[in-house]
Each structure stands twice: as C-alpha cells, then as structure tokens.
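Let me begin by presenting the structure, written as structure tokens, before commenting on it.
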Amino acid sequence: MTNDTPTVAVVGLGYIGLPTAAIIARTGCAVTGVDVSPEVVETINRGAIHIEEVDLDGLVQAVVSRGTLCASTQMPRADVYVIAVPTPFEKDGEHTPDTGYVMAAADAIAPVLDAGALVICESTCPVGTTDAVRDRLAALRPDLAMPGLAAGTPDIAIAYCPERVLPGRILEELVHNDRSVGGVTPRCARKAIAFYKRFVRGECIATDARSAEMTKLVENAFRDVNIAFANELSMIADKQGLDVWEVIRLANRHPRVNVLQPGPGVGGHCIAVDPWFIVHGAPEDSRVIRTAREVNDAKMHHVLERASALIEENPRVPVACLGLAFKANIDDFRESPARFIAARLARTFGSRINIVEPFARELPIEFGETGAKLVDIDTALETCGILIVLVDHDLFRSIPAEERAHALVYDTRGIWAADTPAPGRATPLRLAS
C-alpha cells in the first residue's frame, strides 16, 4: 500500500457500505464495492444508487464517472478491505447475533489477501467478533502472520471501526464524526487510523478491538434505555389520563432533566437490534438493557391496541396511517414500529386503511391482499376521518390544524401536541399520546 493511493475493497454496498465506498473514492483511492447482488452491482456501475440518502446520488455518479469507484460481485486484491455487511439475528427467536455475513466476508477476502493488507470490520458486532475474523483468516491463510498470534511483525493488520451516522446525514457524518478505531494490536490501530484520516475530519481515537465493539453497542443501548423511559412514561400517562407531552415539557424545565419524546416504539437496524448483542454476551447482568428493549417493543403493541380501539369505535370511517419509516424524513423501513403497526391494522381492517408514506413508491410485501392503499397526504386529508400519526415526517408536521380539524387524531409522535387539547378538554377520541 502506497501512502498516497491505496486500493480499497468495501464489502457490502448497503446503507453504510455504499456511502463509505463513495466517500473513500472521492479522495482519489481506487475503490471496488463488493456485493452479492448483481442488480446492486449493475446499478452502481451505471452511476446510480439503490438506496435513498441525501446527496449520495450525485457523489456516486461523480466517482463512477471519474473511475475511482466500481462495483463487482467478485472480491479483488486490495490494500485495504472494509467489511460493512449486515449482522442480523439468528432465526432462533432468542435475539442471538448472526455474524455469518461477517465471516463469509472474511472467507471471501482470505484467498486474495496479500502481506501488508489492512482488514477493517465496520459491521456492528458482538464483542470478540474482530478476534474471530482474525482467527478465521489465520486458519485460511497459515502462510500469513496474523496480529496477536505470531511473534515478530505481522503480515496483516486487523481492526474494528464502527460507524456512528444518522440516516439523512450519512455523508456529512462519515466525514465529521469522531471514530473509535480498535486494533487487534496497537500497531493495527495505528495503521487503521492512518487510513481513516484520509477521509475523516473528526478525531480518530485508538483503542483495542473489543472495546471498540462494545462502544458501538453501548452508544445504541444508551439511546434505547432513554427512549424506553419516555415510552414507559407515555403508557403510564395514558392510563392516568395525563397529557404526556405536557408532563415531559414541564419536567424538562429542570436544569438537569432531559426526557426524550415518546413514539410508537423503536426501529432501525441499530437501536432496535444492538442492545440485544450486549444482552446475549451478559444475559445475567444486563437487566436494565433487556428491560428497555422489552418496554420499547411493548409500546408498539400498546399503540396497536389503542389504534384498533379507535377504529372499532368508529365503524366504516376511513383511516390514514401516516408513515412507515423507522424515523422522520428517510426511506428506511427496517425494524420500523410504524410499519409493524400499520401492517397489523391493514390485516385487521382491510380496505379501510390508507397509508401515507412520501418515501415509498409501493407498499411493502406484508400489505399484499389486505386491501390497504398507498395514498398521498392530500387524498388522506380529504377522505379519511381518522388520522394515526406514526412517523414525524416534516410533511406531516406542516399540516395546519384547520386541515385536520374534521378528523379524529391519534398522534403517537406529538407533532401536533401544541394544538391538541389535553385530556378532559378534548373530544373523547382526540388522542394525544
């Protein structure tokens, strides 16, 4: 690897892999994005994208045109390998982490691995996964000295460096956010930091691989626990006839209190998933983290019950579910509580259900044969007498009170809380929490 132009292979071209590959390619490095999907590869090689992310389309088009980014289904020889593949759950119902995609990436890298290469895992992983990648490569390539296993200078450097980005701001945050860079050895960490400093303006902080793995999980578990507190408050307030938005607004006037806003649950492939990796590694000691996950999952069912009751109490009234994404202003529906709730309502109430999702061209597969329809917001406001807010898209926030005055509202995001009367002063079916 030269100091100026390392060749790079980014393995996995999803929501993290493709933006990462494009950002690196922008620095002038020759980058090959590797993906198992021929459709994804073909899309990228013509300068297009298969995911939605702010400014990503223009960047990919530019670096493909310049010749610094290409895509392939085959693993190339490279100076640096960045693994950015999914880490889902096993299908055992126990939230067991599945690192099979990470290990498959290691298997694909091993035959083309040359001395001097750097292998970085960015996938969210249970503690110990980076060491397992090292051990896998060592078993497949006994001719190469691996860090921490052989005396003397190793042939290969291996590190873990998790992303910490916000959908909708991925390109900006890949560059400006600080990074925890965990090496299997300190030498590995230094080599990985030298690579990241090519495109990261934030601080790159050296640590060991296991600490970096845990750091990523802790960041998302911390957020999950705090959201669970807000969601639990909303369910308590509901039973006690209180306006949770008012309670939180007043509590947050305390100088050392910052309660988050409740919602219909927690979604996405990070906060809704990563805390279970900690629980899996320490099941007897992670009581708060486990409980938070259970509370946030329970909030989805709480919202489903309240929404179902509202619909049943108003027979034949058309219903609009506003939003399917797991958070505002993105097209990512992974682990989305809004998607779960809307799909359950569609299966129960069929053609009465209308879905408004500005980031969808068609409804997800689970809505098939339910009779539910994808409609625009104007159609929903004109034809639906019940509005269920599940996602706080800016489009929904902008709807003035007079345009929804005719409807019964269940606002799970509190976007209209300021002009929704508190319980006791509202009509019985105008719900605010």
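Ligands are numbered from 1 in the order shown, chains are lettered A, B, ... in the order of the structure tokens, and residues start at 1 in each chain.
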
Give me the residues within 7 Å of range 386-391 of chain A as a ChimeraX atom specification, counting only C-alpha atoms and dropping any in the same chain fewer than 4 places off.
/A:264,317-325,327-328,338,407-413

Writing out the chosen residues with N, CA, C and O atoms as a PDB file, in the first residue's frame:
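Heads up, here's the output in again-v6.pdb:
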ATOM      1  N   PRO A 264     -44.016   5.461  18.825  1.00  0.00           N
ATOM      2  CA  PRO A 264     -44.738   4.188  18.772  1.00  0.00           C
ATOM      3  C   PRO A 264     -43.855   2.964  19.010  1.00  0.00           C
ATOM      4  O   PRO A 264     -44.308   1.833  18.857  1.00  0.00           O
ATOM      5  N   VAL A 317     -65.483   4.374   9.116  1.00  0.00           N
ATOM      6  CA  VAL A 317     -64.728   5.607   8.911  1.00  0.00           C
ATOM      7  C   VAL A 317     -63.366   5.262   8.306  1.00  0.00           C
ATOM      8  O   VAL A 317     -62.618   4.474   8.892  1.00  0.00           O
ATOM      9  N   PRO A 318     -63.009   5.813   7.146  1.00  0.00           N
ATOM     10  CA  PRO A 318     -61.693   5.532   6.561  1.00  0.00           C
ATOM     11  C   PRO A 318     -60.563   6.035   7.454  1.00  0.00           C
ATOM     12  O   PRO A 318     -60.690   7.057   8.139  1.00  0.00           O
ATOM     13  N   VAL A 319     -59.439   5.310   7.425  1.00  0.00           N
ATOM     14  CA  VAL A 319     -58.313   5.569   8.329  1.00  0.00           C
ATOM     15  C   VAL A 319     -57.064   5.864   7.507  1.00  0.00           C
ATOM     16  O   VAL A 319     -56.783   5.172   6.517  1.00  0.00           O
ATOM     17  N   ALA A 320     -56.285   6.852   7.922  1.00  0.00           N
ATOM     18  CA  ALA A 320     -54.984   7.118   7.314  1.00  0.00           C
ATOM     19  C   ALA A 320     -53.894   6.889   8.346  1.00  0.00           C
ATOM     20  O   ALA A 320     -53.907   7.526   9.416  1.00  0.00           O
ATOM     21  N   CYS A 321     -52.982   5.979   8.055  1.00  0.00           N
ATOM     22  CA  CYS A 321     -51.781   5.779   8.871  1.00  0.00           C
ATOM     23  C   CYS A 321     -50.668   6.602   8.239  1.00  0.00           C
ATOM     24  O   CYS A 321     -50.300   6.375   7.079  1.00  0.00           O
ATOM     25  N   LEU A 322     -50.134   7.537   8.988  1.00  0.00           N
ATOM     26  CA  LEU A 322     -49.157   8.471   8.451  1.00  0.00           C
ATOM     27  C   LEU A 322     -47.747   8.005   8.771  1.00  0.00           C
ATOM     28  O   LEU A 322     -47.249   8.171   9.875  1.00  0.00           O
ATOM     29  N   GLY A 323     -47.105   7.362   7.771  1.00  0.00           N
ATOM     30  CA  GLY A 323     -45.709   6.983   7.886  1.00  0.00           C
ATOM     31  C   GLY A 323     -45.477   5.497   8.060  1.00  0.00           C
ATOM     32  O   GLY A 323     -46.246   4.799   8.731  1.00  0.00           O
ATOM     33  N   LEU A 324     -44.387   5.028   7.436  1.00  0.00           N
ATOM     34  CA  LEU A 324     -43.919   3.643   7.588  1.00  0.00           C
ATOM     35  C   LEU A 324     -42.452   3.567   7.986  1.00  0.00           C
ATOM     36  O   LEU A 324     -42.002   2.537   8.463  1.00  0.00           O
ATOM     37  N   ALA A 325     -41.698   4.629   7.785  1.00  0.00           N
ATOM     38  CA  ALA A 325     -40.260   4.605   8.058  1.00  0.00           C
ATOM     39  C   ALA A 325     -39.994   4.507   9.556  1.00  0.00           C
ATOM     40  O   ALA A 325     -40.862   4.791  10.382  1.00  0.00           O
ATOM     41  N   LYS A 327     -37.920   6.357  11.186  1.00  0.00           N
ATOM     42  CA  LYS A 327     -37.732   7.699  11.734  1.00  0.00           C
ATOM     43  C   LYS A 327     -38.065   8.703  10.646  1.00  0.00           C
ATOM     44  O   LYS A 327     -38.317   8.345   9.494  1.00  0.00           O
ATOM     45  N   ALA A 328     -38.040   9.971  11.010  1.00  0.00           N
ATOM     46  CA  ALA A 328     -38.522  11.020  10.107  1.00  0.00           C
ATOM     47  C   ALA A 328     -37.606  11.236   8.911  1.00  0.00           C
ATOM     48  O   ALA A 328     -36.374  11.154   9.023  1.00  0.00           O
ATOM     49  N   ALA A 338     -43.658   1.727  13.024  1.00  0.00           N
ATOM     50  CA  ALA A 338     -44.762   2.244  12.213  1.00  0.00           C
ATOM     51  C   ALA A 338     -45.200   1.216  11.180  1.00  0.00           C
ATOM     52  O   ALA A 338     -46.396   0.993  10.959  1.00  0.00           O
ATOM     53  N   ALA A 407     -61.014  15.507  11.633  1.00  0.00           N
ATOM     54  CA  ALA A 407     -60.633  14.107  11.870  1.00  0.00           C
ATOM     55  C   ALA A 407     -60.409  13.812  13.346  1.00  0.00           C
ATOM     56  O   ALA A 407     -60.092  14.693  14.156  1.00  0.00           O
ATOM     57  N   LEU A 408     -60.587  12.541  13.695  1.00  0.00           N
ATOM     58  CA  LEU A 408     -60.156  12.014  14.990  1.00  0.00           C
ATOM     59  C   LEU A 408     -58.678  11.679  14.862  1.00  0.00           C
ATOM     60  O   LEU A 408     -58.268  10.992  13.930  1.00  0.00           O
ATOM     61  N   VAL A 409     -57.855  12.178  15.787  1.00  0.00           N
ATOM     62  CA  VAL A 409     -56.403  12.095  15.659  1.00  0.00           C
ATOM     63  C   VAL A 409     -55.812  11.250  16.776  1.00  0.00           C
ATOM     64  O   VAL A 409     -56.121  11.462  17.955  1.00  0.00           O
ATOM     65  N   TYR A 410     -54.962  10.300  16.394  1.00  0.00           N
ATOM     66  CA  TYR A 410     -54.109   9.595  17.360  1.00  0.00           C
ATOM     67  C   TYR A 410     -52.675   9.918  16.967  1.00  0.00           C
ATOM     68  O   TYR A 410     -52.143   9.380  15.997  1.00  0.00           O
ATOM     69  N   ASP A 411     -52.061  10.807  17.722  1.00  0.00           N
ATOM     70  CA  ASP A 411     -50.737  11.331  17.391  1.00  0.00           C
ATOM     71  C   ASP A 411     -49.693  10.672  18.294  1.00  0.00           C
ATOM     72  O   ASP A 411     -49.479  11.102  19.425  1.00  0.00           O
ATOM     73  N   THR A 412     -49.019   9.633  17.802  1.00  0.00           N
ATOM     74  CA  THR A 412     -48.047   8.911  18.626  1.00  0.00           C
ATOM     75  C   THR A 412     -46.707   9.623  18.704  1.00  0.00           C
ATOM     76  O   THR A 412     -45.844   9.217  19.474  1.00  0.00           O
ATOM     77  N   ARG A 413     -46.511  10.671  17.904  1.00  0.00           N
ATOM     78  CA  ARG A 413     -45.235  11.385  17.863  1.00  0.00           C
ATOM     79  C   ARG A 413     -45.290  12.758  18.508  1.00  0.00           C
ATOM     80  O   ARG A 413     -44.258  13.413  18.675  1.00  0.00           O
TER      81      ARG A 413
END

DSSP says strand (DSSP E or B) for which residues of range 160-203 of chain A? Put them as a PyMOL selection string?
chain A and resi 160+179-183

For the residues in the current selection, export N, CA, C and O atoms as a PDB file, in the first residue's frame.
ATOM      1  N   TYR A 160     -11.183  -2.869  14.140  1.00  0.00           N
ATOM      2  CA  TYR A 160     -12.637  -2.666  14.175  1.00  0.00           C
ATOM      3  C   TYR A 160     -12.902  -1.183  14.308  1.00  0.00           C
ATOM      4  O   TYR A 160     -12.353  -0.513  15.197  1.00  0.00           O
ATOM      5  N   ARG A 179     -14.272   8.887  15.417  1.00  0.00           N
ATOM      6  CA  ARG A 179     -14.303   7.439  15.218  1.00  0.00           C
ATOM      7  C   ARG A 179     -13.473   6.749  16.301  1.00  0.00           C
ATOM      8  O   ARG A 179     -12.376   7.201  16.658  1.00  0.00           O
ATOM      9  N   SER A 180     -14.009   5.639  16.818  1.00  0.00           N
ATOM     10  CA  SER A 180     -13.257   4.766  17.719  1.00  0.00           C
ATOM     11  C   SER A 180     -12.619   3.683  16.867  1.00  0.00           C
ATOM     12  O   SER A 180     -13.319   2.910  16.202  1.00  0.00           O
ATOM     13  N   VAL A 181     -11.308   3.618  16.864  1.00  0.00           N
ATOM     14  CA  VAL A 181     -10.578   2.695  15.997  1.00  0.00           C
ATOM     15  C   VAL A 181      -9.885   1.660  16.875  1.00  0.00           C
ATOM     16  O   VAL A 181      -8.903   1.955  17.559  1.00  0.00           O
ATOM     17  N   GLY A 182     -10.428   0.444  16.858  1.00  0.00           N
ATOM     18  CA  GLY A 182      -9.921  -0.598  17.735  1.00  0.00           C
ATOM     19  C   GLY A 182      -9.065  -1.599  16.992  1.00  0.00           C
ATOM     20  O   GLY A 182      -9.555  -2.321  16.119  1.00  0.00           O
ATOM     21  N   GLY A 183      -7.810  -1.660  17.318  1.00  0.00           N
ATOM     22  CA  GLY A 183      -6.920  -2.614  16.667  1.00  0.00           C
ATOM     23  C   GLY A 183      -6.829  -3.915  17.438  1.00  0.00           C
ATOM     24  O   GLY A 183      -6.963  -3.933  18.662  1.00  0.00           O
TER      25      GLY A 183
END

Picked from range 126-200 of chain A by DSSP as helix (DSSP H, G or I), as a short mmCIF file (atom, residue, chain, number, x, y, z; two decimals) with C-alpha atoms, in the first residue's frame:
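Wrote it out as states_23.cif, contents follow:
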data_model
loop_
_atom_site.label_atom_id
_atom_site.label_comp_id
_atom_site.auth_asym_id
_atom_site.auth_seq_id
_atom_site.Cartn_x
_atom_site.Cartn_y
_atom_site.Cartn_z
CA THR A 129 -16.04 -10.78 16.53
CA THR A 130 -12.93 -8.98 15.25
CA ASP A 131 -10.73 -11.54 17.01
CA ALA A 132 -12.86 -14.25 15.39
CA VAL A 133 -12.26 -12.67 11.96
CA ARG A 134 -8.51 -12.72 12.69
CA ASP A 135 -8.69 -16.37 13.71
CA ARG A 136 -10.69 -17.24 10.58
CA LEU A 137 -8.13 -15.56 8.33
CA ALA A 138 -5.32 -17.27 10.21
CA ALA A 139 -6.91 -20.68 9.63
CA LEU A 140 -7.46 -20.00 5.92
CA ILE A 170 -24.64 9.93 6.42
CA LEU A 171 -22.20 11.60 4.04
CA GLU A 172 -21.64 14.53 6.36
CA GLU A 173 -21.28 12.41 9.48
CA LEU A 174 -18.96 9.85 7.89
CA VAL A 175 -16.52 12.71 7.43
CA HIS A 176 -17.06 14.85 10.53
CA PRO A 186 -1.81 -1.16 18.93
CA ARG A 187 0.12 -1.39 15.66
CA CYS A 188 -3.11 -2.40 13.88
CA ALA A 189 -4.94 0.56 15.39
CA ARG A 190 -2.27 2.98 14.19
CA LYS A 191 -2.40 1.60 10.67
CA ALA A 192 -6.20 1.81 10.59
CA ILE A 193 -6.13 5.40 11.89
CA ALA A 194 -3.71 6.38 9.13
CA PHE A 195 -6.24 5.06 6.60
CA TYR A 196 -9.27 6.78 8.17
#

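Minimum distance to Ala221 in chain A across A:Gly268, A:Pro126, A:Pro275, A:Pro358 (counting only C-alpha atoms) occurs at A:Pro275.
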
May I have the residues within 6 Å of range 24-41 of chain A as a PyMOL selection string, using only C-alpha atoms and disregarding those fewer than 4 positions away in the same chain?
chain A and resi 5-13+68-73

Export C-alpha atoms of the chosen residues as a PDB file, in the first residue's frame?
ATOM      1  CA  THR A   5      -3.259   5.786  -3.297  1.00  0.00           C
ATOM      2  CA  PRO A   6      -4.222   2.581  -1.507  1.00  0.00           C
ATOM      3  CA  THR A   7      -6.605   0.311  -3.343  1.00  0.00           C
ATOM      4  CA  VAL A   8      -9.722  -0.371  -1.290  1.00  0.00           C
ATOM      5  CA  ALA A   9     -12.433  -3.039  -1.324  1.00  0.00           C
ATOM      6  CA  VAL A  10     -15.653  -2.221   0.539  1.00  0.00           C
ATOM      7  CA  VAL A  11     -17.581  -5.426   1.194  1.00  0.00           C
ATOM      8  CA  GLY A  12     -21.334  -4.815   1.340  1.00  0.00           C
ATOM      9  CA  LEU A  13     -22.971  -1.916  -0.511  1.00  0.00           C
ATOM     10  CA  THR A  68     -12.428   5.786  -8.764  1.00  0.00           C
ATOM     11  CA  LEU A  69     -15.456   3.633  -7.845  1.00  0.00           C
ATOM     12  CA  CYS A  70     -16.683   0.455  -9.460  1.00  0.00           C
ATOM     13  CA  ALA A  71     -18.734  -2.457  -8.177  1.00  0.00           C
ATOM     14  CA  SER A  72     -18.317  -6.212  -8.520  1.00  0.00           C
ATOM     15  CA  THR A  73     -19.652  -9.497  -7.243  1.00  0.00           C
TER      16      THR A  73
END

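The nearest approach to Met300 in chain A among the residues A:Asp285, A:Asn231, A:His254, A:Arg347, with only C-alpha atoms taken into account, belongs to A:Asn231.
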
For Glu90 in chain A, find every residue with an atom within 12 Å (counting only C-alpha atoms), except residues of its own chain fewer than 5 positions away, and show them as a compact mmCIF listing (two decimals) with all heavy atoms, in the first residue's frame.
# COMPACT_ATOMS: atom_id res chain seq x y z
N HIS A 95 -32.94 -13.65 19.83
CA HIS A 95 -32.13 -12.46 19.57
C HIS A 95 -30.64 -12.77 19.59
O HIS A 95 -29.82 -11.95 20.02
CB HIS A 95 -32.44 -11.33 20.56
CG HIS A 95 -33.87 -10.89 20.54
ND1 HIS A 95 -34.76 -11.23 21.53
CD2 HIS A 95 -34.57 -10.15 19.65
CE1 HIS A 95 -35.94 -10.71 21.24
NE2 HIS A 95 -35.87 -10.06 20.11
N THR A 96 -30.28 -13.95 19.11
CA THR A 96 -28.87 -14.34 19.04
C THR A 96 -28.22 -13.68 17.83
O THR A 96 -28.73 -13.77 16.71
CB THR A 96 -28.75 -15.87 18.90
OG1 THR A 96 -29.42 -16.50 20.00
CG2 THR A 96 -27.29 -16.30 18.87
N PRO A 97 -27.10 -12.98 18.02
CA PRO A 97 -26.45 -12.31 16.88
C PRO A 97 -25.99 -13.32 15.83
O PRO A 97 -25.44 -14.38 16.16
CB PRO A 97 -25.26 -11.61 17.52
CG PRO A 97 -25.57 -11.51 18.97
CD PRO A 97 -26.40 -12.72 19.30
N ASP A 98 -26.21 -12.98 14.57
CA ASP A 98 -25.76 -13.80 13.46
C ASP A 98 -24.60 -13.09 12.78
O ASP A 98 -24.79 -12.10 12.06
CB ASP A 98 -26.92 -14.01 12.48
CG ASP A 98 -26.51 -14.83 11.25
OD1 ASP A 98 -25.35 -15.27 11.19
OD2 ASP A 98 -27.35 -15.00 10.35
N THR A 99 -23.38 -13.58 13.00
CA THR A 99 -22.20 -12.98 12.39
C THR A 99 -21.80 -13.72 11.12
O THR A 99 -20.68 -13.56 10.62
CB THR A 99 -21.02 -12.97 13.37
OG1 THR A 99 -20.73 -14.32 13.79
CG2 THR A 99 -21.34 -12.14 14.61
N GLY A 100 -22.71 -14.48 10.56
CA GLY A 100 -22.40 -15.29 9.38
C GLY A 100 -21.97 -14.46 8.19
O GLY A 100 -21.07 -14.87 7.43
N TYR A 101 -22.60 -13.28 7.99
CA TYR A 101 -22.21 -12.45 6.85
C TYR A 101 -20.79 -11.91 7.02
O TYR A 101 -20.04 -11.77 6.06
CB TYR A 101 -23.19 -11.30 6.68
CG TYR A 101 -24.58 -11.72 6.26
CD1 TYR A 101 -25.64 -11.69 7.17
CD2 TYR A 101 -24.84 -12.17 4.97
CE1 TYR A 101 -26.92 -12.07 6.80
CE2 TYR A 101 -26.11 -12.56 4.59
CZ TYR A 101 -27.15 -12.52 5.51
OH TYR A 101 -28.40 -12.91 5.14
N VAL A 273 -31.77 -3.24 17.60
CA VAL A 273 -31.07 -4.53 17.46
C VAL A 273 -29.86 -4.62 18.39
O VAL A 273 -29.69 -5.60 19.12
CB VAL A 273 -30.62 -4.73 15.99
CG1 VAL A 273 -29.78 -6.00 15.85
CG2 VAL A 273 -31.84 -4.79 15.07
N TRP A 276 -29.51 -6.01 22.10
CA TRP A 276 -29.61 -7.46 22.30
C TRP A 276 -28.25 -8.13 22.21
O TRP A 276 -28.04 -9.19 22.80
CB TRP A 276 -30.56 -8.08 21.28
CG TRP A 276 -32.01 -7.81 21.53
CD1 TRP A 276 -32.88 -7.13 20.74
CD2 TRP A 276 -32.78 -8.24 22.67
NE1 TRP A 276 -34.13 -7.10 21.30
CE2 TRP A 276 -34.10 -7.77 22.48
CE3 TRP A 276 -32.47 -8.97 23.82
CZ2 TRP A 276 -35.11 -8.01 23.41
CZ3 TRP A 276 -33.49 -9.21 24.75
CH2 TRP A 276 -34.78 -8.73 24.54
N PHE A 277 -27.29 -7.52 21.49
CA PHE A 277 -25.94 -8.10 21.41
C PHE A 277 -25.27 -8.04 22.79
O PHE A 277 -24.52 -8.95 23.16
CB PHE A 277 -25.09 -7.35 20.39
CG PHE A 277 -25.50 -7.56 18.95
CD1 PHE A 277 -26.70 -8.14 18.62
CD2 PHE A 277 -24.66 -7.18 17.92
CE1 PHE A 277 -27.09 -8.33 17.30
CE2 PHE A 277 -25.01 -7.37 16.59
CZ PHE A 277 -26.23 -7.94 16.28
N HIS A 280 -27.01 -10.69 24.93
CA HIS A 280 -26.54 -12.03 24.57
C HIS A 280 -25.19 -12.33 25.21
O HIS A 280 -24.94 -13.46 25.64
CB HIS A 280 -26.43 -12.13 23.04
CG HIS A 280 -25.88 -13.45 22.57
ND1 HIS A 280 -26.62 -14.61 22.56
CD2 HIS A 280 -24.65 -13.78 22.08
CE1 HIS A 280 -25.88 -15.60 22.10
NE2 HIS A 280 -24.69 -15.13 21.81

Option closest in space to Met75 in chain A, from A:Val295, A:Cys270, A:Ala105, A:Ile49 [counting only C-alpha atoms]
A:Ala105

Can you pull out every residue within 10 Å of Arg316 in chain A, counting only C-alpha atoms, but drop anything in the same chain fewer than 6 positions away, and send it as a ChimeraX atom specification?
/A:349,352,385

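CA of Ile120 in chain A is positioned 4.8 Å from CA of Val82 in chain A.
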
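For the pair CA of Glu366 in chain A and CA of Asn354 in chain A, the interatomic distance is 14.3 Å.
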